[in-house]
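target.txt (compact mmCIF, C-alpha atoms)
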```txt
# COMPACT_ATOMS: atom_id res chain seq x y z
CA MET A 120 104.83 110.74 130.05
CA THR A 121 102.28 108.07 129.11
CA ALA A 122 99.83 108.47 126.23
CA ILE A 123 96.99 108.86 128.74
CA GLN A 124 98.84 111.59 130.67
CA ALA A 125 99.77 113.36 127.45
CA GLY A 126 96.14 113.26 126.32
CA GLN A 127 94.97 114.62 129.65
CA ALA A 128 97.48 117.49 129.49
CA SER A 129 96.44 118.25 125.90
CA SER A 130 92.75 118.27 126.85
CA ASN A 131 93.33 120.54 129.85
CA ARG A 132 95.33 122.92 127.67
CA ALA A 133 92.58 123.03 125.04
CA ILE A 134 89.93 123.75 127.67
CA ARG A 135 92.08 126.50 129.18
CA ILE A 136 92.56 128.16 125.79
CA TRP A 137 88.83 127.94 125.12
CA LEU A 138 87.81 129.44 128.48
CA PHE A 139 90.46 132.15 128.28
CA THR A 140 89.14 133.13 124.85
CA VAL A 141 85.57 133.32 126.15
CA ALA A 142 86.66 135.41 129.14
CA ALA A 143 88.56 137.81 126.88
CA LEU A 144 85.52 138.18 124.62
CA ILE A 145 83.28 138.91 127.62
CA ALA A 146 85.70 141.59 128.81
CA LEU A 147 85.64 143.10 125.32
CA MET A 148 81.86 142.96 125.26
CA VAL A 149 81.63 144.80 128.59
CA LEU A 150 83.79 147.58 127.15
CA VAL A 151 81.75 147.74 123.94
CA GLY A 152 78.63 147.86 126.10
CA GLY A 153 80.15 150.76 128.01
CA ALA A 154 80.86 152.61 124.78
CA THR A 155 77.32 151.86 123.61
CA ARG A 156 75.99 153.42 126.79
CA LEU A 157 78.27 156.46 126.61
CA THR A 158 77.33 157.16 122.98
CA GLU A 159 73.58 156.79 123.73
CA SER A 160 73.38 153.96 121.20
CA GLY A 161 71.67 151.22 123.18
CA LEU A 162 68.12 151.92 122.00
CA SER A 163 68.93 152.32 118.30
CA ILE A 164 67.73 148.77 117.51
CA THR A 165 64.14 148.46 118.67
CA GLU A 166 63.55 144.76 117.96
CA TRP A 167 64.98 141.58 119.38
CA LYS A 168 65.71 139.12 116.60
CA PRO A 169 68.17 136.57 117.99
CA VAL A 170 68.80 134.94 114.59
CA THR A 171 67.89 137.29 111.75
CA GLY A 172 69.10 140.30 113.72
CA ALA A 173 72.66 139.13 113.15
CA LEU A 174 72.46 140.80 109.73
CA PRO A 175 72.49 144.61 109.62
CA PRO A 176 70.41 146.57 107.08
CA LEU A 177 71.77 145.71 103.65
CA ASN A 178 70.15 148.31 101.42
CA PRO A 179 68.72 151.84 101.66
CA SER A 180 65.14 150.67 102.19
CA GLU A 181 66.17 148.46 105.14
CA TRP A 182 68.09 151.37 106.65
CA GLU A 183 65.03 153.57 106.31
CA ARG A 184 62.84 150.97 108.03
CA ALA A 185 65.30 150.69 110.94
CA PHE A 186 65.46 154.48 111.24
CA GLU A 187 61.67 154.86 111.13
CA ALA A 188 61.34 152.29 113.92
CA TYR A 189 63.79 154.30 116.04
CA LYS A 190 61.79 157.48 115.40
CA LEU A 191 58.81 155.92 117.17
CA ILE A 192 60.47 155.63 120.60
CA PRO A 193 60.64 158.41 123.24
CA GLN A 194 64.42 158.77 123.05
CA TYR A 195 64.29 159.98 119.47
CA LYS A 196 61.35 162.29 120.08
CA SER A 197 62.83 163.86 123.23
CA LEU A 198 66.58 163.82 122.60
CA ASN A 199 67.35 163.17 118.94
CA ALA A 200 64.55 164.76 116.92
CA GLY A 201 65.99 165.88 113.60
CA MET A 202 68.77 163.28 113.63
CA THR A 203 69.98 162.42 110.13
CA LEU A 204 70.20 158.90 108.75
CA SER A 205 73.99 159.16 108.82
CA GLU A 206 73.92 160.05 112.52
CA PHE A 207 71.53 157.18 113.17
CA LYS A 208 73.91 154.75 111.48
CA THR A 209 76.64 155.74 113.93
CA ILE A 210 74.61 154.75 116.99
CA PHE A 211 73.15 151.76 115.18
CA TRP A 212 76.59 150.24 114.52
CA TRP A 213 77.56 150.48 118.19
CA GLU A 214 74.47 148.59 119.33
CA TRP A 215 74.65 146.10 116.45
CA SER A 216 78.31 145.37 117.27
CA HIS A 217 77.39 144.83 120.91
CA ARG A 218 74.66 142.37 120.03
CA LEU A 219 76.80 140.62 117.42
CA LEU A 220 79.56 140.15 119.96
CA GLY A 221 77.02 138.54 122.28
CA ARG A 222 76.09 136.08 119.55
CA VAL A 223 79.76 135.35 118.85
CA ILE A 224 80.39 134.66 122.54
CA GLY A 225 77.46 132.26 122.59
CA MET A 226 78.81 130.29 119.64
CA VAL A 227 82.41 130.39 120.87
CA TYR A 228 81.21 128.95 124.17
CA LEU A 229 78.63 126.43 122.99
CA LEU A 230 80.33 124.70 120.04
CA PRO A 231 83.64 123.85 121.80
CA PHE A 232 81.67 122.91 124.93
CA LEU A 233 79.64 120.36 122.97
CA PHE A 234 82.83 119.04 121.41
CA PHE A 235 84.52 118.63 124.77
CA LEU A 236 81.46 116.85 126.16
CA TRP A 237 81.57 114.47 123.19
CA ARG A 238 85.30 113.79 122.89
CA VAL A 239 86.86 114.57 126.29
CA GLY A 240 86.12 113.01 129.64
CA MET A 241 85.47 115.74 132.20
CA SER A 242 84.90 115.45 135.91
CA GLY A 243 81.37 115.92 137.22
CA GLU A 244 82.45 119.06 139.04
CA LEU A 245 83.80 120.64 135.86
CA LYS A 246 80.71 119.70 133.87
CA ARG A 247 78.44 121.26 136.48
CA ARG A 248 80.40 124.51 136.43
CA LEU A 249 80.41 124.69 132.66
CA TRP A 250 76.68 123.96 132.39
CA LEU A 251 76.00 126.63 135.01
CA ILE A 252 78.05 129.15 133.04
CA PHE A 253 76.14 128.21 129.89
CA GLY A 254 72.83 128.72 131.68
CA LEU A 255 73.90 132.12 132.96
CA GLY A 256 74.97 133.07 129.43
CA ALA A 257 71.55 132.13 128.03
CA LEU A 258 69.90 134.16 130.79
CA GLN A 259 72.14 137.11 129.95
CA GLY A 260 70.74 137.33 126.44
CA ALA A 261 67.19 137.59 127.81
CA VAL A 262 68.28 140.12 130.45
CA GLY A 263 69.87 142.24 127.72
CA TRP A 264 66.59 142.53 125.84
CA TRP A 265 64.67 143.04 129.11
CA MET A 266 66.99 145.99 129.72
CA VAL A 267 66.54 147.48 126.25
CA ALA A 268 62.76 147.04 126.40
CA SER A 269 62.63 149.32 129.46
CA GLY A 270 63.62 152.28 127.27
CA LEU A 271 61.33 151.73 124.29
CA SER A 272 57.93 152.89 125.50
CA GLU A 273 57.89 155.47 128.30
CA ARG A 274 61.54 156.29 129.09
CA THR A 275 64.27 158.00 127.07
CA GLU A 276 66.87 155.60 128.46
CA VAL A 277 67.00 152.13 129.94
CA SER A 278 66.20 151.45 133.57
CA GLN A 279 69.26 151.78 135.80
CA TYR A 280 68.07 148.72 137.72
CA ARG A 281 68.07 146.60 134.57
CA LEU A 282 71.35 148.08 133.33
CA ALA A 283 73.03 147.18 136.63
CA THR A 284 71.57 143.66 136.52
CA HIS A 285 72.82 143.21 132.95
CA LEU A 286 76.35 144.36 133.78
CA VAL A 287 76.70 142.42 137.02
CA LEU A 288 75.43 139.23 135.39
CA ALA A 289 78.01 139.61 132.60
CA LEU A 290 80.78 140.08 135.16
CA LEU A 291 79.48 137.18 137.25
CA ILE A 292 79.84 134.94 134.19
CA PHE A 293 83.32 136.37 133.61
CA ALA A 294 84.28 135.72 137.24
CA ALA A 295 82.94 132.16 137.07
CA ILE A 296 85.10 131.46 134.03
CA VAL A 297 88.20 132.93 135.68
CA TRP A 298 87.54 130.82 138.79
CA THR A 299 87.07 127.69 136.68
CA LEU A 300 90.28 128.41 134.78
CA ARG A 301 92.15 128.63 138.05
CA ARG A 302 90.67 125.32 139.21
CA LEU A 303 91.83 123.42 136.15
CA GLY A 304 95.39 123.18 137.40
CA GLU A 305 97.04 121.49 140.35
CA ARG A 306 98.46 124.05 142.76
CA PRO A 307 99.41 123.85 146.41
CA GLN A 308 96.92 124.65 149.15
CA PHE A 309 98.39 127.60 151.01
CA ALA A 310 98.52 127.59 154.79
CA VAL A 311 97.32 131.06 155.74
CA PRO A 312 95.50 132.65 158.68
CA ALA A 313 91.73 132.42 158.47
CA ARG A 314 91.41 136.20 158.40
CA LEU A 315 93.24 136.34 155.05
CA LYS A 316 90.73 133.92 153.57
CA ILE A 317 87.87 135.95 155.01
CA THR A 318 89.17 139.31 153.78
CA SER A 319 89.81 137.91 150.29
CA ALA A 320 86.21 136.69 150.12
CA VAL A 321 84.88 139.99 151.44
CA LEU A 322 87.01 141.87 148.90
CA LEU A 323 85.45 139.85 146.09
CA ALA A 324 81.93 140.47 147.38
CA LEU A 325 82.62 144.18 147.89
CA THR A 326 84.00 144.40 144.36
CA PHE A 327 80.69 143.14 142.99
CA VAL A 328 78.81 145.64 145.14
CA GLN A 329 80.98 148.42 143.75
CA LEU A 330 80.42 147.22 140.18
CA TYR A 331 76.67 147.29 140.76
CA LEU A 332 76.86 150.81 142.17
CA GLY A 333 79.00 151.91 139.24
CA ALA A 334 76.31 150.65 136.88
CA LEU A 335 73.69 152.65 138.80
CA VAL A 336 75.89 155.75 138.46
CA ALA A 337 76.09 155.13 134.70
CA GLY A 338 72.39 154.45 134.39
CA LEU A 339 71.45 157.65 136.21
CA ARG A 340 74.23 159.65 134.53
CA ALA A 341 75.23 160.56 138.06
CA GLY A 342 78.82 161.10 136.96
CA LEU A 343 77.75 164.25 135.11
CA VAL A 344 76.82 166.02 138.36
CA TYR A 345 78.72 166.79 141.58
CA ASN A 346 81.99 166.93 139.65
CA THR A 347 84.19 167.81 142.62
CA TRP A 348 86.44 165.72 144.84
CA PRO A 349 86.84 164.98 147.74
CA ALA A 350 83.79 167.14 148.49
CA ILE A 351 80.43 166.18 147.03
CA ASP A 352 77.61 168.72 147.05
CA GLY A 353 79.87 171.02 149.09
CA ALA A 354 80.92 168.56 151.80
CA PHE A 355 82.67 165.25 152.31
CA VAL A 356 79.35 163.90 153.65
CA PRO A 357 76.30 165.66 152.16
CA SER A 358 73.38 166.68 154.33
CA SER A 359 70.91 163.95 155.20
CA ALA A 360 68.07 166.07 153.82
CA ARG A 361 69.71 165.91 150.37
CA LEU A 362 70.61 162.24 150.64
CA TRP A 363 67.23 160.99 151.82
CA PHE A 364 64.50 163.18 150.36
CA GLU A 365 62.93 160.42 148.20
CA GLN A 366 60.08 158.39 149.70
CA PRO A 367 60.17 155.59 150.61
CA TRP A 368 63.73 156.04 151.89
CA TRP A 369 65.21 153.04 150.10
CA ARG A 370 64.56 154.59 146.68
CA ASN A 371 67.37 157.05 147.39
CA LEU A 372 69.85 154.16 147.29
CA PHE A 373 68.97 153.49 143.65
CA GLU A 374 67.35 156.63 142.21
CA ASN A 375 68.79 159.70 143.94
CA THR A 376 71.82 160.78 141.90
CA LEU A 377 73.53 162.33 144.93
CA THR A 378 73.02 159.27 147.12
CA VAL A 379 74.09 156.84 144.41
CA GLN A 380 77.27 158.77 143.64
CA PHE A 381 77.99 159.17 147.36
CA GLU A 382 77.61 155.45 148.11
CA HIS A 383 79.80 154.65 145.08
CA ARG A 384 82.50 156.92 146.51
CA MET A 385 82.22 155.51 150.03
CA THR A 386 82.36 151.93 148.76
CA ALA A 387 85.49 152.81 146.78
CA TYR A 388 87.15 154.09 149.95
CA ALA A 389 86.12 150.95 151.84
CA LEU A 390 87.40 148.73 149.05
CA PHE A 391 90.78 150.47 148.99
CA LEU A 392 91.18 150.35 152.78
CA LEU A 393 90.24 146.67 152.93
CA ALA A 394 92.58 145.83 150.03
CA ALA A 395 95.41 147.74 151.77
CA PHE A 396 94.74 145.93 155.04
CA HIS A 397 94.67 142.57 153.23
CA ALA A 398 98.02 143.32 151.58
CA PHE A 399 99.57 144.51 154.84
CA ASP A 400 98.27 141.43 156.64
CA ALA A 401 99.64 139.12 153.94
CA VAL A 402 103.11 140.71 154.14
CA ARG A 403 103.09 140.72 157.94
CA SER A 404 101.97 137.09 158.12
CA ARG A 405 104.93 135.95 155.99
CA VAL A 406 102.74 133.71 153.88
CA ASP A 407 103.59 132.28 150.46
CA ARG A 408 104.94 134.75 147.91
CA ALA A 409 102.03 134.05 145.56
CA VAL A 410 99.54 135.16 148.22
CA VAL A 411 101.55 138.30 149.01
CA GLY A 412 101.94 139.09 145.32
CA GLY A 413 98.23 138.63 144.67
CA ALA A 414 97.36 140.97 147.55
CA LEU A 415 99.82 143.65 146.41
CA TRP A 416 98.62 143.52 142.80
CA LEU A 417 95.04 143.81 143.99
CA VAL A 418 95.59 146.90 146.14
CA ALA A 419 97.58 148.52 143.32
CA ALA A 420 94.74 147.88 140.85
CA VAL A 421 92.16 149.26 143.30
CA ALA A 422 94.28 152.40 143.78
CA LEU A 423 94.56 152.88 140.01
CA GLN A 424 90.83 152.32 139.63
CA ALA A 425 90.04 154.92 142.28
CA THR A 426 92.37 157.42 140.61
CA LEU A 427 90.72 156.87 137.22
CA GLY A 428 87.31 157.23 138.83
CA ILE A 429 88.25 160.60 140.30
CA LEU A 430 89.67 161.82 136.99
CA THR A 431 86.59 160.60 135.13
CA LEU A 432 84.34 162.48 137.56
CA LEU A 433 86.35 165.72 137.54
CA ASN A 434 86.36 165.76 133.72
CA GLN A 435 82.61 164.97 133.46
CA VAL A 436 82.94 161.47 132.03
CA PRO A 437 84.89 161.73 128.77
CA ILE A 438 84.61 158.46 126.88
CA ASP A 439 88.34 157.64 126.97
CA LEU A 440 88.62 158.00 130.75
CA ALA A 441 85.27 156.31 131.33
CA LEU A 442 86.26 153.25 129.32
CA SER A 443 89.67 153.14 131.01
CA HIS A 444 87.87 153.22 134.36
CA GLN A 445 85.68 150.32 133.22
CA ALA A 446 88.64 148.33 131.88
CA VAL A 447 90.54 148.60 135.16
CA ALA A 448 87.36 147.56 136.98
CA ILE A 449 87.53 144.29 135.05
CA ALA A 450 91.17 143.95 136.06
CA VAL A 451 90.27 144.53 139.73
CA LEU A 452 87.57 141.87 139.51
CA THR A 453 89.99 139.42 137.89
CA LEU A 454 92.59 139.94 140.59
CA ALA A 455 89.96 139.69 143.35
CA VAL A 456 88.69 136.39 141.92
CA MET A 457 92.21 135.01 141.61
CA GLN A 458 93.11 135.97 145.17
CA ALA A 459 89.89 134.54 146.62
CA GLU A 460 90.36 131.32 144.66
CA ARG A 461 94.01 131.11 145.68
CA LEU A 462 93.04 131.12 149.34
CA ALA A 463 89.88 129.02 149.11
CA ALA A 464 89.75 125.31 149.81
CA ARG A 465 90.57 123.50 146.59
CA GLN A 466 88.53 120.89 144.81
CA VAL A 467 90.30 120.80 141.46
CA ALA A 468 88.03 120.51 138.41
CA THR A 469 90.13 118.50 136.01
CA VAL A 470 89.85 116.35 132.96
CA PRO A 471 90.03 112.79 134.36
CA GLN A 472 92.45 110.13 133.28
CA GLN A 473 89.87 108.48 131.03
CA VAL A 474 90.24 110.85 128.09
CA SER A 475 89.36 109.63 124.63
CA ALA A 476 91.78 107.28 122.99
CA SER A 477 92.16 109.50 119.98
CA LEU A 478 93.26 112.49 122.03
CA ALA A 479 95.65 110.32 124.01
CA GLN A 480 97.22 109.06 120.80
CA ALA A 481 97.44 112.60 119.43
CA GLY A 482 99.40 113.58 122.55
```

This entry written out as structure tokens:
Amino acid sequence: MTAIQAGQASSNRAIRIWLFTVAALIALMVLVGGATRLTESGLSITEWKPVTGALPPLNPSEWERAFEAYKLIPQYKSLNAGMTLSEFKTIFWWEWSHRLLGRVIGMVYLLPFLFFLWRVGMSGELKRRLWLIFGLGALQGAVGWWMVASGLSERTEVSQYRLATHLVLALLIFAAIVWTLRRLGERPQFAVPARLKITSAVLLALTFVQLYLGALVAGLRAGLVYNTWPAIDGAFVPSSARLWFEQPWWRNLFENTLTVQFEHRMTAYALFLLAAFHAFDAVRSRVDRAVVGGALWLVAAVALQATLGILTLLNQVPIDLALSHQAVAIAVLTLAVMQAERLAARQVATVPQQVSASLAQAG
């Protein structure tokens, strides 16, 4: 191996480690966000201070000021009147940890990215992807505060629309990083029927739809009602009068707890059936083992996710099952991204041969 090749391999490895770390932190942040939601902690910090907010209250007077600010919002007045300072600290630490993790992710992404731009030659394609991911990350911070702000004046909780936007954007960033990681290496282009490529892409799109619907369920607390399965509201398909009583009709898709839970269930069934068909088609088509394996892992993850969803619903959303359900959702998304990327036309985003001389010598 030449010095140039060794330097290129070293640079690619460093970028992979960096992106994998960021992806893992985003997955962790999604789970912490889920716990923050489940513990009703998301509105405990009523100000957005991107820099100074990194420090929690450091003395009793600062804790009192933070608590007094929380007492001014509708959630405290309607749901938590009489809460003690000790109880407030519990919800405060969840939200503070969530925000701190967001700051950490920003620094873990930005500082190595600037270093790689300075010291490592990267292809234009890779640079564009990484800048796009950075832009989405910056947008995510603003969307997070936009979400919190929706619950500070008139509501006792955040808007389900904004919650769903916040979650899906986080997972879109996660998916973009996973896709970019996959594109950093040279792998063969698999010869497969066009329908396998199409179903893998549809599976990825449907996964995002299901994630959005799951966020609506969480935002509306729709998992705390209709806690039966397979029937919902007494039937497999509820009456249209119950599904569509809101006006205009489209509001039912986002605001009617019965309709939102029902569409989440139906999308889960569709996702499982499509994943099963994709796996069956891959096996029947005798394609590469990696494609078959990816399809089988995906349908297994979807089946596990559906099972956890049912258990979470039947038990009225205990935090352990709810977070397990969310964690497996991230796994399903990861596998769907990997399978779609595996079957997509490849334009590898690599570190070019012209890496810096110092890195080449270090290799």

Could you list, as an mmCIF file with C-alpha atoms, keeping the file's coordinate frame, every residue within 8 Å of range 446-449 of chain A, counting all atoms listed in the file and ignoring same-chain residues fewer than 5 positions away?
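The file below, result.cif, is the result:
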```cif
data_model
loop_
_atom_site.group_PDB
_atom_site.id
_atom_site.type_symbol
_atom_site.label_atom_id
_atom_site.label_comp_id
_atom_site.auth_asym_id
_atom_site.auth_seq_id
_atom_site.Cartn_x
_atom_site.Cartn_y
_atom_site.Cartn_z
ATOM 1 C CA ALA A 146 85.700 141.590 128.810
ATOM 2 C CA LEU A 150 83.790 147.580 127.150
ATOM 3 C CA LEU A 290 80.780 140.080 135.160
ATOM 4 C CA LEU A 330 80.420 147.220 140.180
ATOM 5 C CA ALA A 420 94.740 147.880 140.850
ATOM 6 C CA LEU A 423 94.560 152.880 140.010
ATOM 7 C CA GLN A 424 90.830 152.320 139.630
#
```

Could you list, with a cut-off of 12 Å and counting all atoms listed in the file, the residues of range 360-458 of chain A near range 276-284 of chain A, each shown with its nearest atom pair and the distance in Å rounded to one decimal, rows sorted by chain and ascending number, as a tab-separated table?
```
residue	atom	partner	partner_atom	distance
A:Arg370	CA	A:Tyr280	CA	11.3
A:Leu372	CA	A:Tyr280	CA	11.2
A:Phe373	CA	A:Tyr280	CA	7.7
A:Glu374	CA	A:Gln279	CA	8.3
A:Asn375	CA	A:Gln279	CA	11.4
A:Thr376	CA	A:Gln279	CA	11.2
A:Val379	CA	A:Gln279	CA	11.1
```

### Test item: residues at most 7 Å from Val411 in chain A, only C-alpha atoms, excluding those fewer than 4 positions along its chain, as an NGL selection string
:A and (398 or 401-402 or 406-407 or 415)

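By all atoms listed in the file, and with residues fewer than 5 positions from Phe293 in chain A along its chain excluded, the set lying at most 10 Å from it is Leu138, Phe139, Val141, Ala142, Ala143, Leu144, Ile145, Ala146, Val149, Ile252, Gly256, Val287, Leu288, Trp298, Thr299, Ile449, Leu452, Thr453 and Val456 of chain A.
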
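Using all atoms listed in the file, the shortest contact distance between Gly240 in chain A and any of A:Asn131, A:Ser443, A:Gln458, A:Pro367 is found at A:Asn131.
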
### Query
What is the CA of Ile210 in chain A to CA of Ser160 in chain A distance in Å?
4.5 Å

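Taking only C-alpha atoms into account, Leu417 in chain A lies nearest to A:Leu323 out of the set A:Met202, A:Leu251, A:Leu377, A:Leu323.
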
Quick one: everything within 10 Å of Arg461 in chain A, counting only C-alpha atoms, minus sequence neighbours fewer than 2 positions away in the same chain. Send it as a short mmCIF file (atom, residue, chain, number, x, y, z; two decimals) with C-alpha atoms, in the coordinates of the input.
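Below you can see part.cif, which holds the result:
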```cif
data_model
loop_
_atom_site.label_atom_id
_atom_site.label_comp_id
_atom_site.auth_asym_id
_atom_site.auth_seq_id
_atom_site.Cartn_x
_atom_site.Cartn_y
_atom_site.Cartn_z
CA TRP A 298 87.54 130.82 138.79
CA ARG A 301 92.15 128.63 138.05
CA ARG A 302 90.67 125.32 139.21
CA ARG A 306 98.46 124.05 142.76
CA PRO A 307 99.41 123.85 146.41
CA GLN A 308 96.92 124.65 149.15
CA PHE A 309 98.39 127.60 151.01
CA LYS A 316 90.73 133.92 153.57
CA SER A 319 89.81 137.91 150.29
CA ALA A 409 102.03 134.05 145.56
CA VAL A 410 99.54 135.16 148.22
CA GLY A 413 98.23 138.63 144.67
CA ALA A 455 89.96 139.69 143.35
CA VAL A 456 88.69 136.39 141.92
CA MET A 457 92.21 135.01 141.61
CA GLN A 458 93.11 135.97 145.17
CA ALA A 459 89.89 134.54 146.62
CA ALA A 463 89.88 129.02 149.11
CA ALA A 464 89.75 125.31 149.81
CA ARG A 465 90.57 123.50 146.59
#
```

### Message
Excluding Ser163 in chain A and its own-chain neighbours fewer than 5 positions away, which residues fall within 7 Å of it when counting all atoms listed in the file? Please give them as a list in words.
### Response
Tyr189, Ile210, Phe211 and Glu214 of chain A

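Of the listed residues A:Phe232, A:Leu433, A:Leu162, A:Ala133, the one whose atoms come nearest to Leu343 in chain A is A:Leu433, with distances taken using only C-alpha atoms.
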
Would you mind completing range 437-456 of chain A to N, CA and C atoms and writing the output as a PDB file, in the coordinates of the input?
```pdb
ATOM      1  N   PRO A 437      84.487 161.903 130.173  1.00  0.00           N
ATOM      2  CA  PRO A 437      84.890 161.730 128.770  1.00  0.00           C
ATOM      3  C   PRO A 437      85.003 160.248 128.450  1.00  0.00           C
ATOM      4  N   ILE A 438      84.730 159.873 127.215  1.00  0.00           N
ATOM      5  CA  ILE A 438      84.610 158.460 126.880  1.00  0.00           C
ATOM      6  C   ILE A 438      85.917 157.709 127.082  1.00  0.00           C
ATOM      7  N   ASP A 439      87.071 158.351 126.818  1.00  0.00           N
ATOM      8  CA  ASP A 439      88.340 157.640 126.970  1.00  0.00           C
ATOM      9  C   ASP A 439      88.615 157.297 128.432  1.00  0.00           C
ATOM     10  N   LEU A 440      88.410 158.268 129.324  1.00  0.00           N
ATOM     11  CA  LEU A 440      88.620 158.000 130.750  1.00  0.00           C
ATOM     12  C   LEU A 440      87.570 157.039 131.288  1.00  0.00           C
ATOM     13  N   ALA A 441      86.337 157.184 130.848  1.00  0.00           N
ATOM     14  CA  ALA A 441      85.270 156.310 131.330  1.00  0.00           C
ATOM     15  C   ALA A 441      85.536 154.855 130.963  1.00  0.00           C
ATOM     16  N   LEU A 442      85.986 154.623 129.736  1.00  0.00           N
ATOM     17  CA  LEU A 442      86.260 153.250 129.320  1.00  0.00           C
ATOM     18  C   LEU A 442      87.517 152.705 130.003  1.00  0.00           C
ATOM     19  N   SER A 443      88.491 153.580 130.253  1.00  0.00           N
ATOM     20  CA  SER A 443      89.670 153.140 131.010  1.00  0.00           C
ATOM     21  C   SER A 443      89.271 152.744 132.422  1.00  0.00           C
ATOM     22  N   HIS A 444      88.388 153.525 133.022  1.00  0.00           N
ATOM     23  CA  HIS A 444      87.870 153.220 134.360  1.00  0.00           C
ATOM     24  C   HIS A 444      87.169 151.857 134.356  1.00  0.00           C
ATOM     25  N   GLN A 445      86.398 151.587 133.315  1.00  0.00           N
ATOM     26  CA  GLN A 445      85.680 150.320 133.220  1.00  0.00           C
ATOM     27  C   GLN A 445      86.653 149.163 132.981  1.00  0.00           C
ATOM     28  N   ALA A 446      87.674 149.383 132.160  1.00  0.00           N
ATOM     29  CA  ALA A 446      88.640 148.330 131.880  1.00  0.00           C
ATOM     30  C   ALA A 446      89.411 147.931 133.135  1.00  0.00           C
ATOM     31  N   VAL A 447      89.812 148.913 133.930  1.00  0.00           N
ATOM     32  CA  VAL A 447      90.540 148.600 135.160  1.00  0.00           C
ATOM     33  C   VAL A 447      89.610 147.937 136.176  1.00  0.00           C
ATOM     34  N   ALA A 448      88.320 148.254 136.119  1.00  0.00           N
ATOM     35  CA  ALA A 448      87.360 147.560 136.980  1.00  0.00           C
ATOM     36  C   ALA A 448      87.364 146.065 136.690  1.00  0.00           C
ATOM     37  N   ILE A 449      87.455 145.708 135.423  1.00  0.00           N
ATOM     38  CA  ILE A 449      87.530 144.290 135.050  1.00  0.00           C
ATOM     39  C   ILE A 449      88.816 143.669 135.585  1.00  0.00           C
ATOM     40  N   ALA A 450      89.907 144.437 135.522  1.00  0.00           N
ATOM     41  CA  ALA A 450      91.170 143.950 136.060  1.00  0.00           C
ATOM     42  C   ALA A 450      91.084 143.736 137.571  1.00  0.00           C
ATOM     43  N   VAL A 451      90.453 144.678 138.274  1.00  0.00           N
ATOM     44  CA  VAL A 451      90.270 144.530 139.730  1.00  0.00           C
ATOM     45  C   VAL A 451      89.465 143.275 140.035  1.00  0.00           C
ATOM     46  N   LEU A 452      88.384 143.069 139.295  1.00  0.00           N
ATOM     47  CA  LEU A 452      87.570 141.870 139.510  1.00  0.00           C
ATOM     48  C   LEU A 452      88.384 140.610 139.260  1.00  0.00           C
ATOM     49  N   THR A 453      89.167 140.601 138.200  1.00  0.00           N
ATOM     50  CA  THR A 453      89.990 139.420 137.890  1.00  0.00           C
ATOM     51  C   THR A 453      90.957 139.119 139.028  1.00  0.00           C
ATOM     52  N   LEU A 454      91.632 140.141 139.509  1.00  0.00           N
ATOM     53  CA  LEU A 454      92.590 139.940 140.590  1.00  0.00           C
ATOM     54  C   LEU A 454      91.902 139.525 141.885  1.00  0.00           C
ATOM     55  N   ALA A 455      90.708 140.070 142.142  1.00  0.00           N
ATOM     56  CA  ALA A 455      89.960 139.690 143.350  1.00  0.00           C
ATOM     57  C   ALA A 455      89.520 138.227 143.274  1.00  0.00           C
ATOM     58  N   VAL A 456      89.069 137.797 142.100  1.00  0.00           N
ATOM     59  CA  VAL A 456      88.690 136.390 141.920  1.00  0.00           C
ATOM     60  C   VAL A 456      89.896 135.486 142.107  1.00  0.00           C
TER      61      VAL A 456
END
```
